[in-house]
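Visitor: Quick one: this structure, given as structure tokens, is what I'll be asking you about.
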Amino acid sequence: MRQPMSRFLRPRFSAWLLVLPLFLFSAATFVVPIVMMLARSVQDPELSRAFPQTAAALALWDGRDLPPASSIDTFIAELRDARGTEGLSFAANRLNSEISGFRSMLLRTARSLPRDRQDDPVAALARIDARWGERSTWAAMRRASGPFTDGFLLAALDRQRNDDGAVVRVAEERAVFVTVLLRTLWISTLVTVFCLLLGYPVAYLLASMPGRIANPLLVLVLIPFWTSVLVRTTAWVVLLQRDGMVNGLLQRLGLIEQPLTLIYNRTGVLIAMVHVLLPLMVLPLYSVMKGIGRAPMLAAMSLGARPFEAFLRVYLPQSVAGIGAGCLLVFISALGYYVTPELAGGGGDQMISYFIAFYTNRTTNWGLAGALSLILLVVTGLLYVAYARLSRGPRAPA
Amino acid sequence: MIWSLAKRALTVLALGALLAPGDAAARDLTVVGWGGSSQAAQRRVYYEPFTAQTRVPIQEDSWSGGLGVLRTRVQAGNVTWDVVQVEADELQIGCDEGLYERIDWAAMGGRDSFMREAVSDCGVGAVAWSVGLAYDGARLREGPTSWADFWNLQRFPGQRTLRRGPKYTLEIALMSDGVPASEVYNLLRTPAGVDRAFRRLDQIKPNIVWWTAGAQPGQLLASGEVVMAAAYTSRMFAARRDDNRDLRVVWNGSIFAVDHWVVLRGSSNRDNAMRFIQFATRPENQSRFPALSFQGVTNLQAALPSDAGVAASLPTQPDNLRVAMPLDVEFWVDNIEELTQRFNAWAAR
């Protein structure tokens, strides 16, 4: 019994060794950075690092009126020590995303702190900036005193904790992320549907033609697939602009009098994204259709089915696996799109990746960037699970 | 625990990248600008002469800003950029965060040799630039003269382009509404002022095309996509010269700012980087820059351009400066996140 087992095990072990480099590579360049970024969405280390004792004292504060004078004394002492350090700047940035203007207030306060210990520390701070006398300032500091927070995840869903710690909706003029998430899902859905409508006939044509015709046509699908997304998007910007080729052609044909607005709006985003993602639909469809061949259709028709009926009842069900794979590929790729909406879209067409990039690169609010990424990942994961459930049905054993 | 492990993994990766052929010290001095006509001018008057004089080769790169980009590079310990041209807000926050090497001002010729906006602990002013109202003179015979005209859809029908985001856009909206330049930021610091700016933007919202890259306004004007633009003035004059376009700039209400040279902390070429900054801010070298780039320079001893046309196209020309509004860096450092969120919520409606 033992010897055959070890014979089975040995090749398996060497196979593991072969995939080890790939495994290490993807762990180091893919899994670890993603986990780090997602961990950011619940970590809140800046304030407790710059003012550890203040953070501990604020955690004990009941949140009513103002924190006790002893806590504020601790804060003043720690702020004095933090002057000129990098930690102070990080803490100031963190607080600024709670209340706009906190950054400059904290840095200015640090510069102009009184030299000696004050009898009334709140009044001393309020002389530098009146906002130190307000409860909301200290409540914001308590919210940010970490080391963990749900604030970023709430913010990514247009929610926040108020000064009493209850979860409330943010003001309407600031609520943007739920809209953006729904918009991302909606644009991705539309792109998937258009890709399917355009891609299915193309794949069918390619699969049913003899190789000497199909192969050159297949190259026409592959060349865009191999071309940079940026190049293809920029090309669409040129084609679709007001005096561009598309408008010129439509006007010369007399179909329109005034040039259409085809770019820097939703239309431009959809056209460019459908074009960019189309090969991802055509290729899986083609590979499935190639396996079906012409025989089932011919058999159905020889048994009396009209062509359309034969297609609907025989061919289409067999190609469902390809439809599923193509739609999944296009939809999930579309969810993360950034460059194409950025270049071809307007102010109201940006998808969630735009905001992740904004908070990562511009304002360095990596907590919020992580929270938005986490939400995108969870939504994508849920959709994938739903797809896997559906496709396990009896008709499509893919 | 996971965090520190992950950090260690990243450090190992960064070290791996450094172990590529040769070692870190052998990497060429890397200077990072903002591309376009400005970097082309820098190449001719700074990069190439510096290499010719010192035999230190320069590797060029370009970027489009973002403190996060710099922070990631410095924190990962993998600094492959040495000298970077940063905007004033990146200068201020990055300096507080310790992302830059300190400037030895004695080596730069003293703080007093430079305009006030160009002097700070971590950077030396590199270029002075503006965002202003621009239009194509070939398409509009009677051009706009102020931001109020930008809002005048009857006299100037068609699309306009503004930079996507609240920066410049809100200032312009208030100026177009009759707010004097000196009052703009005071008003924007109040909720009522921000509301007023967004209400003003509502009036032309369907007629706005948003640009994101500095090259776009010129292209949009050239293709007739828009009739007016809030654009980097230097790019308009460069297009005038290079593409023979009749692009014109209205200086009234233009927004003025200074970019800075900084050296990233941990740069293995620190000494050469400082030498480069010293070279690129010397008056005799800066004097050659405006005629090529149509941007101003920061060294007060730099000679003014002899060509009157060039002089008139500079943000630093006294007549232009007088009607311009300086960008309030502190305001944007404090409010960029809040107002960007509000801007995006507004744009989505």
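Naming works like this for the structure tokens: A, B, ... for the chains as they're shown, residue 1 at the start of each chain, ligands 1 onward in shown order.
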Do me a favour and pick out the residues of chain B within 7 Å of chain A, using only C-alpha atoms, as a list in words.
Guide: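 Going by the stated atoms only, the list reads Trp3, Ala6, Ala9, Gly66, Leu67, Gly68, Val69, Asp96, Glu97, Gly98, Arg164, Val209, Trp210, Ser223, Glu225, Asp334, Asn335, Glu337, Glu338, Gln341, Arg342, Asn344, Ala345, Trp346, Ala347 and Ala348 of chain B.
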Visitor: How about saving the chosen residues, N, CA and C atoms kept, as a compact mmCIF listing (two decimals), in the first residue's frame?
Guide:
# COMPACT_ATOMS: atom_id res chain seq x y z
N TRP B 3 1.17 43.41 9.34
CA TRP B 3 1.60 44.68 8.79
C TRP B 3 3.13 44.73 8.67
N ALA B 6 4.43 42.38 6.12
CA ALA B 6 4.17 42.89 4.78
C ALA B 6 5.17 43.97 4.44
N ALA B 9 8.35 42.42 3.56
CA ALA B 9 8.29 41.84 2.21
C ALA B 9 8.51 42.93 1.16
N GLY B 66 0.66 64.80 -7.39
CA GLY B 66 0.06 63.84 -6.46
C GLY B 66 1.03 63.49 -5.34
N LEU B 67 0.73 63.96 -4.13
CA LEU B 67 1.61 63.71 -3.00
C LEU B 67 1.76 62.22 -2.73
N GLY B 68 0.68 61.45 -2.97
CA GLY B 68 0.72 60.02 -2.70
C GLY B 68 1.82 59.32 -3.49
N VAL B 69 2.04 59.81 -4.71
CA VAL B 69 3.07 59.22 -5.57
C VAL B 69 4.44 59.36 -4.90
N ASP B 96 6.43 69.02 5.55
CA ASP B 96 6.02 68.66 6.91
C ASP B 96 6.18 67.17 7.18
N GLU B 97 5.96 66.36 6.14
CA GLU B 97 6.04 64.92 6.33
C GLU B 97 7.46 64.39 6.19
N GLY B 98 8.41 65.27 5.90
CA GLY B 98 9.79 64.83 5.79
C GLY B 98 10.09 64.05 4.53
N ARG B 164 -11.22 69.58 -14.41
CA ARG B 164 -12.12 68.78 -13.60
C ARG B 164 -11.63 68.73 -12.16
N VAL B 209 -17.17 71.20 -20.67
CA VAL B 209 -16.38 70.00 -20.93
C VAL B 209 -15.24 70.05 -19.92
N TRP B 210 -14.97 68.94 -19.22
CA TRP B 210 -13.93 68.99 -18.19
C TRP B 210 -12.62 68.45 -18.72
N SER B 223 -9.79 72.13 -31.99
CA SER B 223 -10.74 71.32 -32.73
C SER B 223 -12.13 71.96 -32.76
N GLU B 225 -14.11 72.18 -30.35
CA GLU B 225 -14.99 71.53 -29.39
C GLU B 225 -15.51 72.55 -28.36
N ASP B 334 -6.04 72.61 3.03
CA ASP B 334 -7.08 72.32 4.01
C ASP B 334 -8.34 71.73 3.38
N ASN B 335 -8.69 72.20 2.20
CA ASN B 335 -10.05 71.95 1.72
C ASN B 335 -10.16 71.07 0.48
N GLU B 337 -9.85 67.95 -0.12
CA GLU B 337 -10.58 66.68 -0.02
C GLU B 337 -12.09 66.91 0.09
N GLU B 338 -12.44 67.78 1.03
CA GLU B 338 -13.86 68.10 1.24
C GLU B 338 -14.49 68.64 -0.04
N GLN B 341 -14.86 66.11 -2.90
CA GLN B 341 -16.01 65.23 -2.70
C GLN B 341 -17.30 65.96 -3.08
N ARG B 342 -17.38 67.20 -2.63
CA ARG B 342 -18.57 67.99 -2.95
C ARG B 342 -18.66 68.22 -4.46
N ASN B 344 -17.57 66.30 -6.84
CA ASN B 344 -17.98 65.07 -7.53
C ASN B 344 -19.45 64.77 -7.30
N ALA B 345 -19.93 65.06 -6.08
CA ALA B 345 -21.36 64.87 -5.82
C ALA B 345 -22.17 65.82 -6.70
N TRP B 346 -21.65 67.02 -6.86
CA TRP B 346 -22.33 68.01 -7.71
C TRP B 346 -22.30 67.57 -9.17
N ALA B 347 -21.14 67.12 -9.61
CA ALA B 347 -21.01 66.73 -11.02
C ALA B 347 -21.89 65.54 -11.35
N ALA B 348 -22.15 64.67 -10.35
CA ALA B 348 -22.93 63.47 -10.60
C ALA B 348 -24.42 63.77 -10.72
Visitor: List as a compact mmCIF listing (two decimals) with all heavy atoms, in the first residue's frame the protein and nucleic acid residues near range 227-240 of chain B, meaning an atom at most 6 Å away when only C-alpha atoms are counted, but skip any in the same chain fewer than 5 places from it.
Guide:
# COMPACT_ATOMS: atom_id res chain seq x y z
N SER B 130 0.50 80.31 -14.74
CA SER B 130 -0.86 80.79 -14.51
C SER B 130 -1.86 79.91 -15.21
O SER B 130 -1.56 79.28 -16.22
CB SER B 130 -1.10 82.18 -15.09
OG SER B 130 -0.23 83.11 -14.59
N VAL B 131 -3.07 79.94 -14.65
CA VAL B 131 -4.25 79.44 -15.36
C VAL B 131 -5.06 80.67 -15.73
O VAL B 131 -5.34 81.50 -14.85
CB VAL B 131 -5.07 78.50 -14.47
CG1 VAL B 131 -6.44 78.25 -15.08
CG2 VAL B 131 -4.34 77.19 -14.26
N GLY B 132 -5.39 80.81 -16.99
CA GLY B 132 -6.14 81.99 -17.42
C GLY B 132 -7.19 81.64 -18.45
O GLY B 132 -7.26 80.52 -18.96
N LEU B 133 -8.02 82.64 -18.78
CA LEU B 133 -9.07 82.47 -19.78
C LEU B 133 -8.42 82.53 -21.17
O LEU B 133 -7.70 83.47 -21.49
CB LEU B 133 -10.11 83.58 -19.61
CG LEU B 133 -11.19 83.77 -20.67
CD1 LEU B 133 -11.91 82.48 -20.94
CD2 LEU B 133 -12.19 84.81 -20.20
N ALA B 134 -8.69 81.51 -21.98
CA ALA B 134 -8.09 81.45 -23.31
C ALA B 134 -9.17 81.21 -24.36
O ALA B 134 -10.19 80.58 -24.08
CB ALA B 134 -7.05 80.35 -23.38
N TYR B 135 -8.92 81.70 -25.56
CA TYR B 135 -9.86 81.45 -26.67
C TYR B 135 -9.10 81.49 -27.98
O TYR B 135 -7.95 81.92 -28.04
CB TYR B 135 -11.01 82.46 -26.66
CG TYR B 135 -10.59 83.89 -26.90
CD1 TYR B 135 -10.68 84.47 -28.17
CD2 TYR B 135 -10.09 84.67 -25.85
CE1 TYR B 135 -10.28 85.78 -28.39
CE2 TYR B 135 -9.70 85.98 -26.07
CZ TYR B 135 -9.80 86.53 -27.34
OH TYR B 135 -9.40 87.81 -27.56
N ARG B 160 -17.61 75.26 -23.04
CA ARG B 160 -16.39 75.81 -22.42
C ARG B 160 -15.70 74.67 -21.70
O ARG B 160 -16.34 73.70 -21.33
CB ARG B 160 -16.72 76.82 -21.32
CG ARG B 160 -17.43 78.03 -21.64
CD ARG B 160 -18.91 77.98 -21.66
NE ARG B 160 -19.40 79.34 -21.77
CZ ARG B 160 -19.73 79.91 -22.93
NH1 ARG B 160 -19.66 79.23 -24.06
NH2 ARG B 160 -20.13 81.16 -22.96
N THR B 161 -14.40 74.84 -21.45
CA THR B 161 -13.72 73.79 -20.70
C THR B 161 -13.03 74.33 -19.45
O THR B 161 -12.41 75.39 -19.48
CB THR B 161 -12.73 72.99 -21.59
OG1 THR B 161 -12.19 71.92 -20.82
CG2 THR B 161 -11.60 73.86 -22.12
N LEU B 162 -13.23 73.59 -18.36
CA LEU B 162 -12.60 73.92 -17.08
C LEU B 162 -11.88 72.66 -16.61
O LEU B 162 -12.19 71.56 -17.04
CB LEU B 162 -13.66 74.30 -16.05
CG LEU B 162 -14.37 75.64 -16.21
CD1 LEU B 162 -15.62 75.68 -15.34
CD2 LEU B 162 -13.44 76.78 -15.81
N PRO B 217 -6.87 71.55 -23.05
CA PRO B 217 -7.56 72.78 -23.44
C PRO B 217 -7.15 73.29 -24.83
O PRO B 217 -8.02 73.69 -25.62
CB PRO B 217 -7.15 73.78 -22.35
CG PRO B 217 -6.82 72.94 -21.18
CD PRO B 217 -6.25 71.68 -21.72
N ARG B 245 -1.34 78.86 -34.23
CA ARG B 245 -2.74 79.05 -33.84
C ARG B 245 -2.88 80.45 -33.25
O ARG B 245 -1.98 80.94 -32.58
CB ARG B 245 -3.12 78.04 -32.76
CG ARG B 245 -3.24 76.65 -33.27
CD ARG B 245 -4.70 76.35 -33.50
NE ARG B 245 -4.84 75.17 -34.34
CZ ARG B 245 -5.93 74.91 -35.04
NH1 ARG B 245 -6.93 75.77 -35.05
NH2 ARG B 245 -6.03 73.82 -35.76
N ASP B 246 -4.04 81.04 -33.45
CA ASP B 246 -4.26 82.38 -32.90
C ASP B 246 -4.91 82.29 -31.51
O ASP B 246 -5.93 82.92 -31.24
CB ASP B 246 -5.14 83.19 -33.86
CG ASP B 246 -5.22 84.65 -33.45
OD1 ASP B 246 -4.36 85.09 -32.65
OD2 ASP B 246 -6.15 85.34 -33.89
N LEU B 247 -4.30 81.49 -30.63
CA LEU B 247 -4.86 81.36 -29.28
C LEU B 247 -4.51 82.60 -28.47
O LEU B 247 -3.38 83.09 -28.53
CB LEU B 247 -4.32 80.10 -28.59
CG LEU B 247 -4.69 78.78 -29.26
CD1 LEU B 247 -4.18 77.61 -28.44
CD2 LEU B 247 -6.19 78.67 -29.46
N PHE B 294 7.40 80.36 -22.09
CA PHE B 294 6.34 81.32 -21.77
C PHE B 294 5.90 81.21 -20.31
O PHE B 294 4.75 81.48 -19.98
CB PHE B 294 5.15 81.17 -22.71
CG PHE B 294 5.53 81.33 -24.15
CD1 PHE B 294 5.66 80.22 -24.97
CD2 PHE B 294 5.77 82.59 -24.68
CE1 PHE B 294 6.03 80.36 -26.29
CE2 PHE B 294 6.13 82.73 -26.01
CZ PHE B 294 6.27 81.62 -26.81
N GLN B 295 6.81 80.78 -19.45
CA GLN B 295 6.54 80.78 -18.02
C GLN B 295 7.55 81.71 -17.34
O GLN B 295 8.63 81.95 -17.88
CB GLN B 295 6.68 79.36 -17.45
CG GLN B 295 5.56 78.44 -17.90
CD GLN B 295 5.80 77.01 -17.49
OE1 GLN B 295 6.89 76.48 -17.65
NE2 GLN B 295 4.76 76.37 -16.98
Visitor: By how many Å are CA of Asp242 in chain B and CA of Ala138 in chain B apart?
Guide: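 So the two atoms, CA of Asp242 in chain B and CA of Ala138 in chain B, lie 15.9 Å apart.
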Visitor: For range 36-47 of chain B, list every protein, DNA or RNA residue within 9 Å, evaluated using only C-alpha atoms, and leave out those in the same chain fewer than 3 positions away; present the list as a list in words.
Guide: Val31, Val32, Gly33, Phe50, Thr51, Ala52, Pro57, Ile58, Glu60, Ser62, Gly214, Ala215, Ser234, Arg235, Ala238, Ala239, Phe276, Phe279, Ala280, Asn285, Gln286, Arg288, Phe289, Pro290, Ala291, Leu292, Ser293, Phe294 and Gln295 of chain B
Visitor: Using backbone DSSP assignments, extract all helix (DSSP H, G or I) residues from range 142-187 of chain B; output them as a short mmCIF file (atom, residue, chain, number, x, y, z; two decimals) with N, CA, C and O atoms, in the first residue's frame.
Guide:
data_model
loop_
_atom_site.label_atom_id
_atom_site.label_comp_id
_atom_site.auth_asym_id
_atom_site.auth_seq_id
_atom_site.Cartn_x
_atom_site.Cartn_y
_atom_site.Cartn_z
N TRP B 147 -13.98 86.65 -16.80
CA TRP B 147 -14.67 85.39 -16.50
C TRP B 147 -16.17 85.55 -16.60
O TRP B 147 -16.89 84.57 -16.83
N ALA B 148 -16.68 86.78 -16.42
CA ALA B 148 -18.13 86.99 -16.58
C ALA B 148 -18.54 86.61 -18.00
O ALA B 148 -19.60 86.02 -18.21
N ASP B 149 -17.68 86.90 -18.99
CA ASP B 149 -17.98 86.52 -20.37
C ASP B 149 -18.00 85.00 -20.55
O ASP B 149 -18.66 84.48 -21.45
N PHE B 150 -17.21 84.32 -19.73
CA PHE B 150 -17.17 82.85 -19.78
C PHE B 150 -18.56 82.29 -19.49
O PHE B 150 -18.93 81.22 -19.97
N THR B 169 -11.62 76.04 -10.45
CA THR B 169 -13.00 76.13 -10.89
C THR B 169 -13.84 77.00 -9.95
O THR B 169 -14.58 77.88 -10.40
N LEU B 170 -13.69 76.79 -8.65
CA LEU B 170 -14.50 77.57 -7.70
C LEU B 170 -14.06 79.03 -7.68
O LEU B 170 -14.90 79.93 -7.61
N GLU B 171 -12.76 79.26 -7.76
CA GLU B 171 -12.28 80.65 -7.80
C GLU B 171 -12.86 81.37 -9.02
O GLU B 171 -13.33 82.51 -8.93
N ILE B 172 -12.80 80.67 -10.15
CA ILE B 172 -13.27 81.27 -11.39
C ILE B 172 -14.76 81.56 -11.32
O ILE B 172 -15.23 82.63 -11.73
N ALA B 173 -15.52 80.62 -10.73
CA ALA B 173 -16.96 80.82 -10.62
C ALA B 173 -17.26 82.08 -9.81
O ALA B 173 -18.13 82.88 -10.19
N LEU B 174 -16.55 82.28 -8.70
CA LEU B 174 -16.82 83.47 -7.89
C LEU B 174 -16.38 84.74 -8.61
O LEU B 174 -17.09 85.74 -8.59
N MET B 175 -15.23 84.69 -9.27
CA MET B 175 -14.79 85.90 -9.99
C MET B 175 -15.79 86.26 -11.08
O MET B 175 -16.05 87.44 -11.33
N SER B 176 -16.33 85.24 -11.74
CA SER B 176 -17.29 85.50 -12.81
C SER B 176 -18.56 86.14 -12.24
O SER B 176 -19.31 86.78 -12.95
N ALA B 181 -10.96 89.66 -6.80
CA ALA B 181 -9.96 88.62 -6.56
C ALA B 181 -9.53 88.57 -5.10
O ALA B 181 -9.33 87.50 -4.54
N SER B 182 -9.40 89.73 -4.47
CA SER B 182 -8.89 89.75 -3.10
C SER B 182 -9.89 89.14 -2.12
O SER B 182 -9.53 88.78 -1.00
N GLU B 183 -11.16 89.01 -2.52
CA GLU B 183 -12.19 88.50 -1.61
C GLU B 183 -12.49 87.02 -1.84
O GLU B 183 -13.21 86.40 -1.06
N VAL B 184 -11.96 86.45 -2.94
CA VAL B 184 -12.39 85.11 -3.36
C VAL B 184 -12.18 84.07 -2.26
O VAL B 184 -13.08 83.33 -1.89
N TYR B 185 -10.96 84.03 -1.69
CA TYR B 185 -10.70 82.97 -0.71
C TYR B 185 -11.38 83.22 0.62
O TYR B 185 -11.78 82.27 1.29
N ASN B 186 -11.54 84.51 1.00
CA ASN B 186 -12.31 84.79 2.21
C ASN B 186 -13.71 84.22 2.08
O ASN B 186 -14.26 83.63 3.01
N LEU B 187 -14.28 84.40 0.88
CA LEU B 187 -15.65 83.94 0.66
C LEU B 187 -15.69 82.40 0.61
O LEU B 187 -16.59 81.78 1.16
#
Visitor: Fewer than 2 positions away in the same chain doesn't count, so skip those; otherwise give me all residues within 9 Å of range 317-327 of chain A, counting only C-alpha atoms, as an MDAnalysis selection string.
Guide: chainID A and resid 192:193 195:196 200 280:289 292 311:315 329:332 387 391 395:398
Visitor: I need the residues of range 123-188 of chain A that end up classed as strand (DSSP E or B) by DSSP on the backbone, written out as a PyMOL selection string.
Guide: chain A and resi 148+159-161+167-169
Visitor: Write out as a list in words each polymer residue whose atoms come within 10 Å of Ile271 in chain A, counting only C-alpha atoms; drop sequence neighbours fewer than 2 positions from it.
Guide: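 Neighbouring residues, sequence-local ones excluded: Val191, Phe194, Thr233, Trp236, Leu240, Leu262, Ile263, Arg266, Thr267, Gly268, Val269, Met273, Val274, His275, Val276, Thr340 and Ala344 of chain A.
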Visitor: Selected residues, N, CA, C and O atoms, written as a tab-separated table (two decimals), in the first residue's frame, please.
Guide:
chain	number	residue	atom	x	y	z
A	191	VAL	N	-22.13	47.94	-20.74
A	191	VAL	CA	-21.01	47.55	-21.60
A	191	VAL	C	-21.07	46.04	-21.89
A	191	VAL	O	-20.88	45.61	-23.04
A	194	PHE	N	-23.93	45.36	-24.45
A	194	PHE	CA	-23.55	45.78	-25.81
A	194	PHE	C	-22.48	44.85	-26.38
A	194	PHE	O	-22.50	44.51	-27.57
A	233	THR	N	-8.33	54.23	-26.51
A	233	THR	CA	-9.22	55.25	-25.94
A	233	THR	C	-8.95	56.61	-26.58
A	233	THR	O	-9.87	57.33	-26.98
A	236	TRP	N	-10.44	56.95	-29.93
A	236	TRP	CA	-11.88	57.25	-29.91
A	236	TRP	C	-12.13	58.71	-29.61
A	236	TRP	O	-13.07	59.31	-30.15
A	240	LEU	N	-14.43	60.78	-32.15
A	240	LEU	CA	-15.77	61.17	-31.73
A	240	LEU	C	-15.92	62.65	-31.46
A	240	LEU	O	-17.02	63.11	-31.17
A	262	LEU	N	-20.58	63.42	-28.80
A	262	LEU	CA	-20.33	61.99	-28.65
A	262	LEU	C	-19.24	61.68	-27.65
A	262	LEU	O	-19.02	60.52	-27.33
A	263	ILE	N	-18.53	62.72	-27.21
A	263	ILE	CA	-17.40	62.45	-26.34
A	263	ILE	C	-17.49	63.35	-25.12
A	263	ILE	O	-18.21	64.34	-25.14
A	266	ARG	N	-21.48	60.18	-21.28
A	266	ARG	CA	-21.70	58.75	-21.11
A	266	ARG	C	-21.58	57.99	-22.43
A	266	ARG	O	-21.04	56.89	-22.48
A	267	THR	N	-22.07	58.62	-23.52
A	267	THR	CA	-21.99	57.98	-24.83
A	267	THR	C	-20.54	57.63	-25.17
A	267	THR	O	-20.24	56.50	-25.59
A	268	GLY	N	-19.65	58.59	-24.97
A	268	GLY	CA	-18.25	58.36	-25.29
A	268	GLY	C	-17.66	57.23	-24.45
A	268	GLY	O	-16.93	56.38	-24.95
A	269	VAL	N	-18.02	57.22	-23.15
A	269	VAL	CA	-17.50	56.17	-22.26
A	269	VAL	C	-17.96	54.81	-22.76
A	269	VAL	O	-17.18	53.86	-22.85
A	273	MET	N	-15.49	51.96	-24.13
A	273	MET	CA	-15.33	50.77	-23.29
A	273	MET	C	-15.80	49.52	-24.02
A	273	MET	O	-15.18	48.46	-23.91
A	274	VAL	N	-16.89	49.62	-24.77
A	274	VAL	CA	-17.36	48.46	-25.52
A	274	VAL	C	-16.30	48.03	-26.52
A	274	VAL	O	-15.97	46.84	-26.63
A	275	HIS	N	-15.70	49.01	-27.20
A	275	HIS	CA	-14.67	48.65	-28.17
A	275	HIS	C	-13.47	48.00	-27.51
A	275	HIS	O	-12.93	47.01	-27.99
A	276	VAL	N	-13.06	48.58	-26.37
A	276	VAL	CA	-11.88	48.05	-25.70
A	276	VAL	C	-12.12	46.63	-25.18
A	276	VAL	O	-11.24	45.77	-25.23
A	340	THR	N	-10.25	54.78	-19.42
A	340	THR	CA	-11.22	55.10	-20.46
A	340	THR	C	-12.28	56.11	-19.99
A	340	THR	O	-12.48	57.13	-20.67
A	344	ALA	N	-12.55	59.69	-21.77
A	344	ALA	CA	-13.69	59.85	-22.67
A	344	ALA	C	-14.93	60.35	-21.95
A	344	ALA	O	-15.93	60.66	-22.60
Visitor: Which polymer residues have any atom within 7 Å of an atom of range 372-385 of chain A, counting only C-alpha atoms, with same-chain residues fewer than 5 positions away left out, as a ChimeraX atom specification?
Guide: /A:38,156,332,356
Visitor: For CA of Ile352 in chain A and CA of Val226 in chain B, determine how far apart the two atoms are, in Å to one decimal place.
Guide: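 CA of Val226 in chain B lies 27.6 Å from CA of Ile352 in chain A.
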Visitor: How many Å lie between CA of Val170 in chain A and CA of Ala139 in chain A, rounded to one decimal?
Guide: 16.2 Å
Visitor: Please provide the set of residues having any atom within 12 Å of Val167 in chain A, restricted to only C-alpha atoms, with same-chain residues fewer than 5 positions apart removed, written as a VMD selection string.
Guide: chain A and resid 150 to 151 153 to 155 157 to 162
Visitor: Can you spit out the residues from that selection as a PDB file, in the first residue's frame, using N, CA, C and O atoms?
Guide:
ATOM      1  N   ASP A 150     -14.136  52.284  11.998  1.00  0.00           N
ATOM      2  CA  ASP A 150     -15.058  51.919  10.920  1.00  0.00           C
ATOM      3  C   ASP A 150     -15.391  53.144  10.074  1.00  0.00           C
ATOM      4  O   ASP A 150     -16.200  53.083   9.172  1.00  0.00           O
ATOM      5  N   GLY A 151     -14.710  54.262  10.374  1.00  0.00           N
ATOM      6  CA  GLY A 151     -15.036  55.528   9.723  1.00  0.00           C
ATOM      7  C   GLY A 151     -14.850  55.520   8.217  1.00  0.00           C
ATOM      8  O   GLY A 151     -15.658  56.070   7.480  1.00  0.00           O
ATOM      9  N   LEU A 153     -14.898  52.884   6.133  1.00  0.00           N
ATOM     10  CA  LEU A 153     -15.899  52.048   5.476  1.00  0.00           C
ATOM     11  C   LEU A 153     -17.248  52.749   5.457  1.00  0.00           C
ATOM     12  O   LEU A 153     -17.961  52.716   4.455  1.00  0.00           O
ATOM     13  N   LEU A 154     -17.587  53.425   6.564  1.00  0.00           N
ATOM     14  CA  LEU A 154     -18.832  54.182   6.590  1.00  0.00           C
ATOM     15  C   LEU A 154     -18.792  55.291   5.543  1.00  0.00           C
ATOM     16  O   LEU A 154     -19.750  55.484   4.793  1.00  0.00           O
ATOM     17  N   ALA A 155     -17.661  56.007   5.481  1.00  0.00           N
ATOM     18  CA  ALA A 155     -17.545  57.115   4.520  1.00  0.00           C
ATOM     19  C   ALA A 155     -17.706  56.606   3.100  1.00  0.00           C
ATOM     20  O   ALA A 155     -18.300  57.279   2.255  1.00  0.00           O
ATOM     21  N   LEU A 157     -19.598  54.450   2.139  1.00  0.00           N
ATOM     22  CA  LEU A 157     -21.022  54.193   1.891  1.00  0.00           C
ATOM     23  C   LEU A 157     -21.863  55.436   2.181  1.00  0.00           C
ATOM     24  O   LEU A 157     -23.059  55.345   2.448  1.00  0.00           O
ATOM     25  N   ASP A 158     -21.196  56.612   2.148  1.00  0.00           N
ATOM     26  CA  ASP A 158     -21.857  57.897   2.410  1.00  0.00           C
ATOM     27  C   ASP A 158     -22.473  57.957   3.795  1.00  0.00           C
ATOM     28  O   ASP A 158     -23.510  58.594   3.999  1.00  0.00           O
ATOM     29  N   ARG A 159     -21.862  57.281   4.752  1.00  0.00           N
ATOM     30  CA  ARG A 159     -22.321  57.356   6.137  1.00  0.00           C
ATOM     31  C   ARG A 159     -21.188  57.927   6.985  1.00  0.00           C
ATOM     32  O   ARG A 159     -20.023  57.910   6.581  1.00  0.00           O
ATOM     33  N   GLN A 160     -21.538  58.410   8.175  1.00  0.00           N
ATOM     34  CA  GLN A 160     -20.508  58.858   9.104  1.00  0.00           C
ATOM     35  C   GLN A 160     -21.048  58.743  10.516  1.00  0.00           C
ATOM     36  O   GLN A 160     -22.247  58.568  10.711  1.00  0.00           O
ATOM     37  N   ARG A 161     -20.147  58.809  11.483  1.00  0.00           N
ATOM     38  CA  ARG A 161     -20.583  58.869  12.875  1.00  0.00           C
ATOM     39  C   ARG A 161     -20.671  60.337  13.271  1.00  0.00           C
ATOM     40  O   ARG A 161     -19.761  61.114  12.998  1.00  0.00           O
ATOM     41  N   ASN A 162     -21.787  60.702  13.905  1.00  0.00           N
ATOM     42  CA  ASN A 162     -21.884  62.093  14.367  1.00  0.00           C
ATOM     43  C   ASN A 162     -21.170  62.234  15.711  1.00  0.00           C
ATOM     44  O   ASN A 162     -20.550  61.283  16.188  1.00  0.00           O
TER      45      ASN A 162
END
